[in-house]
Amino acid sequence: MLKEQINSDIKEFLKAGKSFEAGVLRLMSAALGNKEIEKRGKGEDSVLTDEEIVEVLMKEAKKRKEAAEVYKTGNREDLAEKELKELEVIKKYLPEQASAEEIEKAVDKAIAATGAVDVKTFGKVMAEVMKELKGKADAGTISEIIKKKLGISN
């Protein structure tokens, strides 16, 4: 299971003297712990599935990517670089990301399946594509491709 892998890797990184990587994984472990507490609070079983773990890791990766962009905009290359290094560590625990070509195929398939033609049917297409590519592609990228295919201007 993915959570055990992360915990095991924390120990390995610490033994190898890789404190940066261990620190990033500790943050991920804390985020997973928060998700477990959230589930417990809703009266659900607190054990996370690999799918839920990937969801949490995707959110954490997105945070790093957005923070890096903000830092670059503010001319703080040092902080942007740190965020990108953290992102690289997180990516090792995510499923392989879909290529732009794979995303476009999934979008084409979803448009055909839903009969989408305009902005009103955008949500249906998005839902269909997300079902297929959950955890394998960024929602923002998917959204851009759908808008391009449906001729929707931002």
# chains A, B, ... in the order shown; residues from 1 in each chain; ligands from 1
>>> residues_around(residues="Lys131 of chain A", least_positions_apart="5", cutoff="12 Å", atoms="only C-alpha atoms", output="list of chain:residue names")
A:Ala106, A:Val107, A:Ala110, A:Lys124, A:Val125, A:Met126, A:Lys136, A:Ala137, A:Ala139, A:Ile142
>>> write_last_selection(atoms="N, CA and C atoms", output="mmCIF file, in the first residue's frame")
data_model
loop_
_atom_site.group_PDB
_atom_site.id
_atom_site.type_symbol
_atom_site.label_atom_id
_atom_site.label_comp_id
_atom_site.auth_asym_id
_atom_site.auth_seq_id
_atom_site.Cartn_x
_atom_site.Cartn_y
_atom_site.Cartn_z
ATOM 1 N N ALA A 106 -9.192 11.066 -24.613
ATOM 2 C CA ALA A 106 -10.236 10.913 -23.601
ATOM 3 C C ALA A 106 -11.293 12.004 -23.744
ATOM 4 N N VAL A 107 -10.856 13.224 -24.056
ATOM 5 C CA VAL A 107 -11.793 14.337 -24.251
ATOM 6 C C VAL A 107 -12.663 14.077 -25.477
ATOM 7 N N ALA A 110 -15.213 11.511 -24.644
ATOM 8 C CA ALA A 110 -16.244 12.048 -23.750
ATOM 9 C C ALA A 110 -17.198 12.970 -24.493
ATOM 10 N N LYS A 124 -20.534 18.064 -18.135
ATOM 11 C CA LYS A 124 -20.731 16.633 -18.421
ATOM 12 C C LYS A 124 -19.460 16.026 -19.002
ATOM 13 N N VAL A 125 -18.838 16.765 -19.914
ATOM 14 C CA VAL A 125 -17.603 16.283 -20.544
ATOM 15 C C VAL A 125 -16.504 16.177 -19.491
ATOM 16 N N MET A 126 -16.379 17.209 -18.672
ATOM 17 C CA MET A 126 -15.351 17.232 -17.626
ATOM 18 C C MET A 126 -15.515 16.040 -16.694
ATOM 19 N N LYS A 136 -4.410 10.811 -12.992
ATOM 20 C CA LYS A 136 -3.418 10.695 -14.064
ATOM 21 C C LYS A 136 -3.229 11.991 -14.840
ATOM 22 N N ALA A 137 -4.095 12.988 -14.549
ATOM 23 C CA ALA A 137 -3.980 14.250 -15.265
ATOM 24 C C ALA A 137 -4.514 15.384 -14.404
ATOM 25 N N ALA A 139 -6.606 18.570 -13.554
ATOM 26 C CA ALA A 139 -7.929 19.041 -13.964
ATOM 27 C C ALA A 139 -7.842 20.315 -14.799
ATOM 28 N N ILE A 142 -6.990 19.362 -18.352
ATOM 29 C CA ILE A 142 -8.161 18.741 -18.978
ATOM 30 C C ILE A 142 -9.159 19.822 -19.373
#
>>> residues_around(residues="Gly135 of chain A", least_positions_apart="6", cutoff="12 Å", atoms="only C-alpha atoms", output="PyMOL selection string")
chain A and resi 50-59+61-62+91+93-98+129+142
>>> closest_residue(among="A:Asn75, A:Thr141, A:Asn34, A:Ser29", to="Asn7 of chain A", atoms="only C-alpha atoms")
A:Ser29
>>> residues_around(residues="Glu86 of chain A", least_positions_apart="5", cutoff="9 Å", atoms="only C-alpha atoms", output="PyMOL selection string")
chain A and resi 20-21+24+61+64+81+91
>>> atom_distance(atom1="atom CA of Glu104 of chain A", atom2="atom CA of Val70 of chain A")
28.2 Å
>>> atom_distance(atom1="atom CA of Glu44 of chain A", atom2="atom CA of Ile6 of chain A")
23.0 Å
>>> closest_residue(among="A:Glu88, A:Glu128, A:Glu36, A:Glu83", to="Lys65 of chain A", atoms="only C-alpha atoms")
A:Glu83
>>> closest_residue(among="A:Ile111, A:Val119, A:Ala67, A:Met130", to="Ala80 of chain A", atoms="only C-alpha atoms")
A:Ala67
>>> closest_atom_pairs(of="segment 62-111 of chain A", to="segment 9-13 of chain A", cutoff="12 Å", atoms="only C-alpha atoms", output="JSON lines")
{"residue": "A:Val89", "atom": "CA", "partner": "A:Asp9", "partner_atom": "CA", "distance": 11.1}
{"residue": "A:Ile90", "atom": "CA", "partner": "A:Asp9", "partner_atom": "CA", "distance": 11.9}
{"residue": "A:Lys92", "atom": "CA", "partner": "A:Asp9", "partner_atom": "CA", "distance": 11.3}
{"residue": "A:Tyr93", "atom": "CA", "partner": "A:Asp9", "partner_atom": "CA", "distance": 10.7}
>>> write_last_selection(atoms="C-alpha atoms", output="PDB file, in the first residue's frame")
ATOM      1  CA  VAL A  89       9.653  14.122  -4.539  1.00  0.00           C
ATOM      2  CA  ILE A  90       5.834  13.960  -4.459  1.00  0.00           C
ATOM      3  CA  LYS A  92       7.502   9.773  -7.423  1.00  0.00           C
ATOM      4  CA  TYR A  93       4.435   8.532  -5.515  1.00  0.00           C
TER       5      TYR A  93
END
